[in-house]
>>> print(open('coords.cif').read())   # mmCIF, C-alpha atoms and all ligand atoms
data_data
loop_
_atom_site.label_atom_id
_atom_site.label_comp_id
_atom_site.auth_asym_id
_atom_site.auth_seq_id
_atom_site.Cartn_x
_atom_site.Cartn_y
_atom_site.Cartn_z
CA MET A 1 25.65 -9.92 -13.03
CA ALA A 2 24.26 -12.75 -10.91
CA GLU A 3 20.47 -12.91 -10.84
CA ALA A 4 18.85 -10.55 -8.33
CA LYS A 5 17.75 -11.57 -4.86
CA ARG A 6 13.97 -12.01 -4.81
CA ILE A 7 12.51 -9.88 -2.01
CA ASP A 8 9.87 -12.11 -0.45
CA GLY A 9 7.05 -9.74 0.55
CA LYS A 10 4.83 -12.65 1.49
CA ALA A 11 7.31 -13.84 4.12
CA VAL A 12 7.92 -10.33 5.50
CA ALA A 13 4.17 -9.71 5.66
CA ALA A 14 3.64 -13.02 7.49
CA ARG A 15 6.27 -11.94 10.04
CA ILE A 16 4.47 -8.62 10.59
CA ILE A 17 1.13 -10.38 11.03
CA GLU A 18 2.69 -12.70 13.65
CA THR A 19 4.01 -9.66 15.57
CA VAL A 20 0.61 -7.98 15.35
CA LYS A 21 -1.09 -11.15 16.66
CA ALA A 22 1.28 -11.40 19.61
CA SER A 23 0.89 -7.70 20.50
CA THR A 24 -2.88 -7.98 20.19
CA GLU A 25 -2.81 -10.80 22.77
CA THR A 26 -0.74 -8.62 25.12
CA LEU A 27 -3.06 -5.66 24.61
CA LYS A 28 -6.15 -7.81 25.22
CA ALA A 29 -4.62 -9.16 28.43
CA LYS A 30 -3.94 -5.59 29.59
CA THR A 31 -7.15 -3.83 28.58
CA GLY A 32 -9.68 -6.62 28.03
CA THR A 33 -10.49 -5.28 24.56
CA ALA A 34 -9.29 -6.13 21.07
CA PRO A 35 -8.36 -3.57 18.39
CA GLY A 36 -11.37 -2.86 16.17
CA LEU A 37 -11.18 -2.37 12.40
CA ALA A 38 -14.23 -1.10 10.53
CA VAL A 39 -14.33 -1.58 6.78
CA VAL A 40 -16.94 0.27 4.74
CA ILE A 41 -17.77 -0.68 1.18
CA VAL A 42 -20.28 1.01 -1.10
CA GLY A 43 -21.51 -0.90 -4.16
CA GLU A 44 -20.55 -4.25 -5.59
CA ASP A 45 -17.34 -3.68 -7.53
CA PRO A 46 -15.88 -7.24 -7.62
CA ALA A 47 -12.24 -6.15 -7.08
CA SER A 48 -13.26 -4.02 -4.08
CA GLN A 49 -15.27 -6.93 -2.66
CA VAL A 50 -12.16 -9.15 -2.84
CA TYR A 51 -9.94 -6.51 -1.16
CA VAL A 52 -12.46 -5.85 1.60
CA GLY A 53 -12.97 -9.59 2.16
CA SER A 54 -9.27 -10.25 2.62
CA LYS A 55 -8.82 -7.23 4.91
CA ALA A 56 -11.67 -8.42 7.15
CA LYS A 57 -10.30 -11.99 7.13
CA THR A 58 -6.77 -10.90 8.10
CA ALA A 59 -8.19 -8.63 10.83
CA LYS A 60 -9.92 -11.65 12.36
CA GLU A 61 -6.73 -13.72 12.10
CA CYS A 62 -4.93 -10.98 14.03
CA GLY A 63 -7.49 -11.23 16.83
CA PHE A 64 -9.16 -7.90 15.99
CA THR A 65 -12.84 -7.15 16.13
CA SER A 66 -13.78 -6.77 12.49
CA ILE A 67 -16.81 -4.71 11.52
CA LYS A 68 -18.02 -4.64 7.92
CA HIS A 69 -20.54 -2.11 6.58
CA GLU A 70 -21.81 -3.08 3.16
CA LEU A 71 -23.87 -0.29 1.62
CA ASP A 72 -25.61 -0.48 -1.72
CA ALA A 73 -24.38 1.50 -4.72
CA GLU A 74 -27.22 4.04 -4.43
CA THR A 75 -26.33 5.02 -0.85
CA SER A 76 -26.35 8.81 -0.50
CA GLU A 77 -23.28 10.78 0.47
CA GLU A 78 -25.07 11.95 3.63
CA THR A 79 -25.81 8.36 4.70
CA LEU A 80 -22.19 7.35 4.17
CA LEU A 81 -20.95 10.40 6.11
CA LYS A 82 -23.24 9.43 8.98
CA VAL A 83 -21.82 5.88 9.01
CA VAL A 84 -18.31 7.37 9.20
CA ARG A 85 -19.27 9.81 11.99
CA ASP A 86 -20.84 6.98 13.99
CA LEU A 87 -17.66 4.94 13.62
CA ASN A 88 -15.61 7.98 14.70
CA ALA A 89 -17.68 8.11 17.88
CA ASP A 90 -17.51 4.36 18.61
CA PRO A 91 -14.76 3.62 21.16
CA ALA A 92 -14.61 -0.02 20.02
CA VAL A 93 -13.38 1.12 16.59
CA ASN A 94 -9.68 2.00 16.25
CA GLY A 95 -9.36 1.97 12.49
CA ILE A 96 -11.79 3.06 9.76
CA LEU A 97 -11.25 2.14 6.16
CA VAL A 98 -13.56 3.28 3.40
CA GLN A 99 -12.83 1.18 0.33
CA LEU A 100 -12.10 3.30 -2.75
CA PRO A 101 -13.21 4.01 -5.42
CA LEU A 102 -16.62 5.26 -4.29
CA PRO A 103 -19.59 5.64 -6.67
CA LYS A 104 -19.40 8.84 -8.75
CA HIS A 105 -22.18 10.68 -6.87
CA ILE A 106 -20.13 10.62 -3.64
CA ASP A 107 -17.32 13.12 -3.00
CA GLU A 108 -14.38 10.89 -1.99
CA ALA A 109 -12.34 13.73 -0.53
CA LYS A 110 -15.22 14.77 1.71
CA VAL A 111 -15.61 11.22 3.02
CA ILE A 112 -11.89 10.84 3.72
CA GLN A 113 -11.73 14.20 5.52
CA THR A 114 -14.67 13.13 7.72
CA ILE A 115 -12.73 10.16 9.13
CA ASP A 116 -11.18 10.94 12.53
CA PRO A 117 -7.44 11.39 11.68
CA ASP A 118 -6.59 9.21 14.69
CA LYS A 119 -8.62 6.35 13.19
CA ASP A 120 -7.46 6.99 9.61
CA VAL A 121 -5.48 3.77 9.22
CA ASP A 122 -5.28 4.26 5.44
CA GLY A 123 -3.34 7.48 6.06
CA PHE A 124 -5.27 9.52 3.47
CA HIS A 125 -6.62 12.29 5.76
CA LEU A 126 -4.91 15.65 5.19
CA ILE A 127 -3.76 15.72 8.83
CA ASN A 128 -1.85 12.48 8.28
CA VAL A 129 -0.55 13.67 4.90
CA GLY A 130 0.72 16.78 6.70
CA ARG A 131 2.29 14.78 9.52
CA LEU A 132 4.13 12.59 7.01
CA SER A 133 5.33 15.48 4.87
CA THR A 134 6.64 17.41 7.87
CA GLY A 135 8.53 14.33 9.04
CA ALA A 136 6.28 13.73 12.08
CA LEU A 137 6.38 10.01 11.40
CA ALA A 138 5.71 8.96 14.97
CA GLU A 139 2.30 10.67 14.86
CA ALA A 140 1.37 9.95 11.25
CA PHE A 141 -0.58 7.05 9.86
CA VAL A 142 1.34 6.31 6.68
CA PRO A 143 -0.55 4.90 3.66
CA CYS A 144 -0.19 1.13 3.74
CA THR A 145 1.30 0.43 0.29
CA PRO A 146 4.23 2.86 0.54
CA ALA A 147 4.76 1.94 4.21
CA GLY A 148 5.02 -1.72 3.20
CA SER A 149 7.25 -0.90 0.22
CA MET A 150 9.57 1.01 2.54
CA LEU A 151 9.92 -2.00 4.84
CA LEU A 152 10.98 -4.07 1.83
CA VAL A 153 13.63 -1.48 0.96
CA ARG A 154 14.83 -1.68 4.58
CA GLU A 155 15.01 -5.49 4.38
CA VAL A 156 17.76 -5.06 1.81
CA LEU A 157 19.45 -1.74 2.62
CA GLY A 158 18.77 -1.13 6.31
CA ASP A 159 17.38 2.04 7.90
CA ASP A 160 19.74 4.74 6.68
CA LEU A 161 19.67 5.44 2.96
CA SER A 162 22.25 8.26 3.05
CA GLY A 163 23.96 8.66 -0.29
CA LYS A 164 21.40 6.57 -2.19
CA ASN A 165 19.56 7.94 -5.20
CA ALA A 166 15.91 6.90 -5.19
CA VAL A 167 13.61 7.30 -8.20
CA ILE A 168 9.87 6.76 -7.92
CA VAL A 169 7.92 6.47 -11.14
CA GLY A 170 4.40 7.69 -10.31
CA ARG A 171 3.16 10.68 -8.32
CA SER A 172 -0.19 9.53 -6.94
CA ASN A 173 -1.32 10.61 -3.50
CA ILE A 174 -1.65 7.02 -2.31
CA VAL A 175 1.66 5.61 -3.52
CA GLY A 176 4.18 7.87 -5.29
CA LYS A 177 4.12 10.97 -3.09
CA PRO A 178 4.05 9.26 0.32
CA MET A 179 6.79 6.86 -0.86
CA ALA A 180 8.92 9.90 -1.72
CA GLN A 181 8.39 11.31 1.78
CA LEU A 182 9.41 8.04 3.41
CA LEU A 183 12.57 7.73 1.32
CA LEU A 184 13.43 11.34 2.06
CA ALA A 185 12.93 10.78 5.79
CA ALA A 186 15.41 7.89 5.49
CA ASN A 187 17.97 10.31 3.95
CA ALA A 188 17.78 9.14 0.33
CA THR A 189 18.08 11.70 -2.46
CA VAL A 190 14.69 11.48 -4.12
CA THR A 191 13.38 12.05 -7.64
CA ILE A 192 9.70 11.65 -8.51
CA ALA A 193 9.13 10.86 -12.18
CA HIS A 194 5.78 10.84 -14.00
CA SER A 195 4.20 10.89 -17.44
CA ARG A 196 5.73 14.28 -18.28
CA THR A 197 9.27 13.31 -17.29
CA ARG A 198 11.75 13.63 -20.14
CA ASP A 199 14.06 10.67 -20.84
CA LEU A 200 12.56 8.47 -18.16
CA GLN A 201 15.00 5.69 -18.96
CA ALA A 202 18.02 7.82 -18.13
CA VAL A 203 16.36 9.09 -14.95
CA CYS A 204 15.60 5.54 -13.81
CA ARG A 205 19.09 4.32 -14.68
CA GLY A 206 20.42 6.76 -12.08
CA ALA A 207 18.46 5.01 -9.33
CA ASP A 208 20.02 2.92 -6.58
CA ILE A 209 16.43 2.40 -5.43
CA LEU A 210 13.80 2.24 -8.18
CA VAL A 211 10.13 2.24 -7.20
CA ALA A 212 7.59 1.58 -9.95
CA ALA A 213 4.04 2.79 -9.27
CA VAL A 214 2.78 3.45 -12.77
CA GLY A 215 -0.05 1.02 -13.55
CA ARG A 216 1.42 -0.06 -16.92
CA PRO A 217 2.20 -3.75 -17.36
CA GLU A 218 5.95 -4.47 -17.49
CA MET A 219 6.73 -0.96 -18.73
CA LEU A 220 10.10 -0.72 -16.98
CA THR A 221 12.32 -3.09 -18.94
CA GLY A 222 15.93 -3.95 -18.18
CA ASP A 223 17.05 -0.72 -19.88
CA TYR A 224 15.54 1.29 -17.01
CA VAL A 225 17.52 -0.50 -14.32
CA LYS A 226 20.99 0.35 -13.03
CA ASP A 227 23.33 -2.54 -12.23
CA GLY A 228 22.98 -3.38 -8.55
CA ALA A 229 19.76 -1.41 -8.00
CA VAL A 230 17.03 -2.37 -5.52
CA VAL A 231 13.75 -2.52 -7.45
CA ILE A 232 10.36 -2.25 -5.75
CA ASP A 233 7.47 -3.04 -8.08
CA VAL A 234 4.20 -1.67 -6.71
CA GLY A 235 2.23 -2.29 -9.91
CA ILE A 236 -0.54 -4.85 -10.09
CA ASN A 237 -1.80 -5.40 -13.63
CA ARG A 238 -3.93 -8.25 -14.94
CA ILE A 239 -3.01 -9.25 -18.48
CA GLU A 240 -4.23 -11.94 -20.82
CA ALA A 241 -2.21 -15.15 -20.66
CA PRO A 242 -3.20 -17.24 -23.71
CA GLU A 243 -0.42 -19.73 -22.78
CA LYS A 244 -2.60 -20.75 -19.80
CA GLY A 245 -5.52 -21.66 -22.07
CA LEU A 246 -9.08 -20.41 -22.20
CA LYS A 247 -11.68 -19.66 -19.53
CA GLU A 248 -15.16 -21.25 -19.67
CA ASP A 249 -16.47 -18.23 -21.59
CA GLY A 250 -13.85 -18.76 -24.30
CA THR A 251 -11.70 -15.73 -23.41
CA PRO A 252 -8.01 -16.23 -22.53
CA LYS A 253 -7.04 -16.86 -18.90
CA THR A 254 -5.17 -14.04 -17.20
CA ARG A 255 -2.17 -13.51 -14.92
CA LEU A 256 -0.82 -10.72 -12.74
CA VAL A 257 2.27 -8.74 -13.68
CA GLY A 258 3.92 -5.67 -12.21
CA ASP A 259 5.04 -2.41 -13.78
CA VAL A 260 8.54 -3.88 -14.14
CA ASN A 261 9.62 -6.58 -16.57
CA TYR A 262 10.81 -8.98 -13.87
CA ALA A 263 12.88 -11.29 -16.08
CA GLU A 264 14.88 -8.43 -17.61
CA ALA A 265 15.19 -6.31 -14.49
CA SER A 266 16.34 -9.22 -12.34
CA GLU A 267 19.37 -9.67 -14.60
CA LYS A 268 20.60 -6.24 -13.54
CA ALA A 269 19.16 -5.51 -10.11
CA ALA A 270 20.72 -6.63 -6.83
CA ALA A 271 17.26 -7.25 -5.36
CA ILE A 272 13.72 -7.06 -6.72
CA THR A 273 10.15 -7.65 -5.56
CA PRO A 274 8.06 -10.15 -7.55
CA VAL A 275 4.42 -9.67 -8.59
CA PRO A 276 2.50 -11.30 -7.05
CA GLY A 277 4.16 -11.92 -3.67
CA GLY A 278 6.04 -8.64 -3.25
CA VAL A 279 4.40 -5.37 -2.24
CA GLY A 280 0.82 -6.74 -2.42
CA PRO A 281 0.84 -8.79 0.82
CA MET A 282 2.64 -5.94 2.62
CA THR A 283 -0.29 -3.57 2.09
CA ILE A 284 -2.70 -5.65 4.18
CA ALA A 285 -0.04 -6.34 6.83
CA MET A 286 0.57 -2.60 7.24
CA LEU A 287 -3.15 -1.97 7.59
CA MET A 288 -3.17 -4.38 10.53
CA ALA A 289 -0.05 -2.75 12.00
CA ASN A 290 -1.66 0.71 11.72
CA THR A 291 -4.86 -0.50 13.40
CA LEU A 292 -2.89 -2.06 16.25
CA ARG A 293 -0.93 1.17 16.64
CA SER A 294 -4.14 3.14 16.89
CA ALA A 295 -5.46 0.79 19.59
CA CYS A 296 -2.16 0.96 21.50
CA ARG A 297 -2.28 4.77 21.45
CA VAL A 298 -5.76 4.77 22.99
CA ALA A 299 -4.64 2.26 25.63
CA GLY A 300 -1.40 4.12 26.36
CA ALA A 301 0.53 0.96 25.43
CA GLU A 302 3.62 0.72 23.26
CA ALA A 303 3.09 -0.57 19.71
CA PRO A 304 5.68 -2.90 18.14
CA LYS A 305 8.28 -1.16 15.97
P1 LIG B 401 -2.19 6.23 -10.54
O1 LIG B 401 -2.85 5.89 -11.84
O2 LIG B 401 -2.90 7.08 -9.56
O3 LIG B 401 -0.78 6.91 -10.87
C1 LIG B 401 0.06 6.45 -11.86
C2 LIG B 401 1.25 7.35 -11.99
O4 LIG B 401 2.08 6.84 -13.03
C3 LIG B 401 0.90 8.79 -12.36
O5 LIG B 401 1.64 9.68 -11.56
C4 LIG B 401 1.30 8.90 -13.83
O6 LIG B 401 1.81 10.15 -14.19
C5 LIG B 401 2.42 7.88 -13.91
N1 LIG B 401 2.54 7.38 -15.28
C6 LIG B 401 1.57 6.85 -16.06
N2 LIG B 401 2.06 6.53 -17.26
C7 LIG B 401 3.36 6.86 -17.25
C8 LIG B 401 4.40 6.80 -18.21
N3 LIG B 401 4.20 6.30 -19.43
N4 LIG B 401 5.62 7.25 -17.85
C9 LIG B 401 5.84 7.75 -16.62
N5 LIG B 401 4.89 7.83 -15.67
C10 LIG B 401 3.67 7.40 -15.98
O7 LIG B 401 -1.77 4.83 -9.91
P2 LIG B 401 -1.50 4.39 -8.37
O8 LIG B 401 -0.39 5.17 -7.80
O9 LIG B 401 -2.80 4.30 -7.67
O10 LIG B 401 -1.04 2.88 -8.62
C11 LIG B 401 0.13 2.57 -9.36
C12 LIG B 401 0.22 1.07 -9.52
O11 LIG B 401 0.32 0.47 -8.24
C13 LIG B 401 -0.99 0.42 -10.19
O12 LIG B 401 -0.54 -0.69 -10.95
C14 LIG B 401 -1.82 -0.10 -9.03
O13 LIG B 401 -2.59 -1.23 -9.37
C15 LIG B 401 -0.72 -0.49 -8.07
N6 LIG B 401 -1.13 -0.47 -6.66
C16 LIG B 401 -0.77 -1.54 -5.92
C17 LIG B 401 -1.09 -1.60 -4.59
C18 LIG B 401 -0.63 -2.77 -3.80
O14 LIG B 401 -1.23 -3.10 -2.79
N7 LIG B 401 0.46 -3.41 -4.20
C19 LIG B 401 -1.89 -0.56 -3.94
C20 LIG B 401 -2.12 0.61 -4.79
C21 LIG B 401 -1.77 0.61 -6.12
P3 LIG B 401 0.90 11.50 -14.24
O15 LIG B 401 0.71 11.90 -12.80
O16 LIG B 401 1.75 12.45 -14.99
O17 LIG B 401 -0.38 11.12 -14.91
#
>>> encode(input="coords.cif", output="structure tokens", more="lines below")
Ligand code: NDP
Amino acid sequence: MAEAKRIDGKAVAARIIETVKASTETLKAKTGTAPGLAVVIVGEDPASQVYVGSKAKTAKECGFTSIKHELDAETSEETLLKVVRDLNADPAVNGILVQLPLPKHIDEAKVIQTIDPDKDVDGFHLINVGRLSTGALAEAFVPCTPAGSMLLVREVLGDDLSGKNAVIVGRSNIVGKPMAQLLLAANATVTIAHSRTRDLQAVCRGADILVAAVGRPEMLTGDYVKDGAVVIDVGINRIEAPEKGLKEDGTPKTRLVGDVNYAEASEKAAAITPVPGGVGPMTIAMLMANTLRSACRVAGAEAPK
């Protein structure tokens, strides 16, 4: 087969951000206020700091008001809950994002369930989970990574996935399960595979749409991919790359890879997302789109599709 089309998530994400910027301008002209995104981070986990930094930066680029609450690692659960309640009550805030993971002494579920479901732009509150799983997509905030992955599927296959077999490897609440709901809502026939699935290779080879959300570097080799499949690689794994040389501390440099072996899979797939530059940039773009939608709802304005 000819080599697969590379699905350019970076370009699609840039397009979404441009639409969000334009709609933000229109909304500001109408209401005099900008959408507000509040990001809360507890502790100094370096990866979380990077994520939060780029979310706040993109929010500013979109013309949003960006509020950042940086709390130290010893912050009590009660203090964090109060921050969330205050943000719930603040009319200038349309979206609240609490960066996960939280320190061990804080009950994550309790924090998520305290966020006002109508400001829950991460889509993790049970009300939004329920809306998504009952097909109430117009009301739901959908978790950003699967929402972005779904747009990439649509880039290739369009809106109606009738007759397509979709296999998702991974059943997490933030990626695998909501992705299954979205594919089902688009009429695909959906299988969710996980670590207890028997003969995973055969299951995956039945997929017209294969979504990898496993967290294992390059686990899905070419043998897992059906000829002509659309492959969405959600995985982000940092591995050692001795070919790039050594860091100052003498340890090997690193590089990012997905859960799919790109070189092998792209010989069989019709289209495939790269890592980096595939699903990753879509996640932040969808966060901005969700925040804009929340602000439009409050203002009684129509959000872009
Ligand atoms: P989780 O660790 O929560 O879930 C991983 C899933 O993979 C589980 O359901 C697990 O099965 C399954 N699994 C693990 N090993 C195997 C195996 N050998 N065979 C079959 N299934 C297996 O991960 P997440 O869903 O949070 O994330 C998945 C990946 O996506 C990670 O690489 C993460 O970094 C990336 N990610 C990327 C984002 C982005 O912005 N692009 C955002 C979020 C995540 P079981 O349930 O049986 O244990």
>>> residues_near_ligand(input="coords.cif", ligand="ligand LIG 401 (chain B)", cutoff="9 Å", atoms="all atoms listed in the file", output="ChimeraX atom specification")
/A:144-146,148-149,169-177,192-197,200,212-217,219,233-237,257-259,275-276,278-284
>>> residues_around(input="coords.cif", residues="region 108-125 of chain A", least_positions_apart="5", cutoff="8 Å", atoms="all atoms listed in the file", output="ChimeraX atom specification")
/A:80-81,84-85,88,93-98,100-102,140-144,174,287,290-291,294
>>> write_last_selection(input="coords.cif", atoms="C-alpha atoms", output="short mmCIF file (atom, residue, chain, number, x, y, z; two decimals), keeping the file's coordinate frame")
data_model
loop_
_atom_site.label_atom_id
_atom_site.label_comp_id
_atom_site.auth_asym_id
_atom_site.auth_seq_id
_atom_site.Cartn_x
_atom_site.Cartn_y
_atom_site.Cartn_z
CA LEU A 80 -22.19 7.35 4.17
CA LEU A 81 -20.95 10.40 6.11
CA VAL A 84 -18.31 7.37 9.20
CA ARG A 85 -19.27 9.81 11.99
CA ASN A 88 -15.61 7.98 14.70
CA VAL A 93 -13.38 1.12 16.59
CA ASN A 94 -9.68 2.00 16.25
CA GLY A 95 -9.36 1.97 12.49
CA ILE A 96 -11.79 3.06 9.76
CA LEU A 97 -11.25 2.14 6.16
CA VAL A 98 -13.56 3.28 3.40
CA LEU A 100 -12.10 3.30 -2.75
CA PRO A 101 -13.21 4.01 -5.42
CA LEU A 102 -16.62 5.26 -4.29
CA ALA A 140 1.37 9.95 11.25
CA PHE A 141 -0.58 7.05 9.86
CA VAL A 142 1.34 6.31 6.68
CA PRO A 143 -0.55 4.90 3.66
CA CYS A 144 -0.19 1.13 3.74
CA ILE A 174 -1.65 7.02 -2.31
CA LEU A 287 -3.15 -1.97 7.59
CA ASN A 290 -1.66 0.71 11.72
CA THR A 291 -4.86 -0.50 13.40
CA SER A 294 -4.14 3.14 16.89
#
>>> atom_distance(input="coords.cif", atom1="CA of Glu44 (chain A)", atom2="CA of Leu71 (chain A)")
8.9 Å
>>> atom_distance(input="coords.cif", atom1="CA of Leu161 (chain A)", atom2="CA of Gln181 (chain A)")
12.8 Å
>>> residues_around(input="coords.cif", residues="region 295-304 of chain A", least_positions_apart="3", cutoff="8 Å", atoms="all atoms listed in the file", output="number ranges by chain")
A: 19-20, 23, 27, 31, 35-36, 94, 291-292
>>> write_last_selection(input="coords.cif", atoms="C-alpha atoms", output="mmCIF file, in the frame of the given file")
data_model
loop_
_atom_site.group_PDB
_atom_site.id
_atom_site.type_symbol
_atom_site.label_atom_id
_atom_site.label_comp_id
_atom_site.auth_asym_id
_atom_site.auth_seq_id
_atom_site.Cartn_x
_atom_site.Cartn_y
_atom_site.Cartn_z
ATOM 1 C CA THR A 19 4.010 -9.660 15.570
ATOM 2 C CA VAL A 20 0.610 -7.980 15.350
ATOM 3 C CA SER A 23 0.890 -7.700 20.500
ATOM 4 C CA LEU A 27 -3.060 -5.660 24.610
ATOM 5 C CA THR A 31 -7.150 -3.830 28.580
ATOM 6 C CA PRO A 35 -8.360 -3.570 18.390
ATOM 7 C CA GLY A 36 -11.370 -2.860 16.170
ATOM 8 C CA ASN A 94 -9.680 2.000 16.250
ATOM 9 C CA THR A 291 -4.860 -0.500 13.400
ATOM 10 C CA LEU A 292 -2.890 -2.060 16.250
#
>>> residues_around(input="coords.cif", residues="Thr58 (chain A)", least_positions_apart="5", cutoff="9 Å", atoms="all atoms listed in the file", output="VMD selection string")
chain A and resid 17 53 63 to 64 284 to 285 288
>>> closest_residue(input="coords.cif", among="A:Glu18, A:Val260, A:Asp223, A:Val50", to="Val211 (chain A)", atoms="all atoms listed in the file")
A:Val260
>>> residues_near_point(input="coords.cif", point="(18.7, 1.1, -14.2)", cutoff="6 Å", atoms="all atoms listed in the file", output="MDAnalysis selection string")
chainID A and resid 204:205 224:226
>>> axis_aligned_box(input="coords.cif", around="region 226-232 of chain A", padding_each_side="8 Å", output="lines of an AutoDock Vina configuration file")
center_x = 16.8
center_y = -1.5
center_z = -9.3
size_x = 29.0
size_y = 19.7
size_z = 23.5
>>> closest_residue(input="coords.cif", among="A:Leu256, A:Met286, A:Ile127, A:Val230", to="Lys55 (chain A)", atoms="all atoms listed in the file")
A:Met286
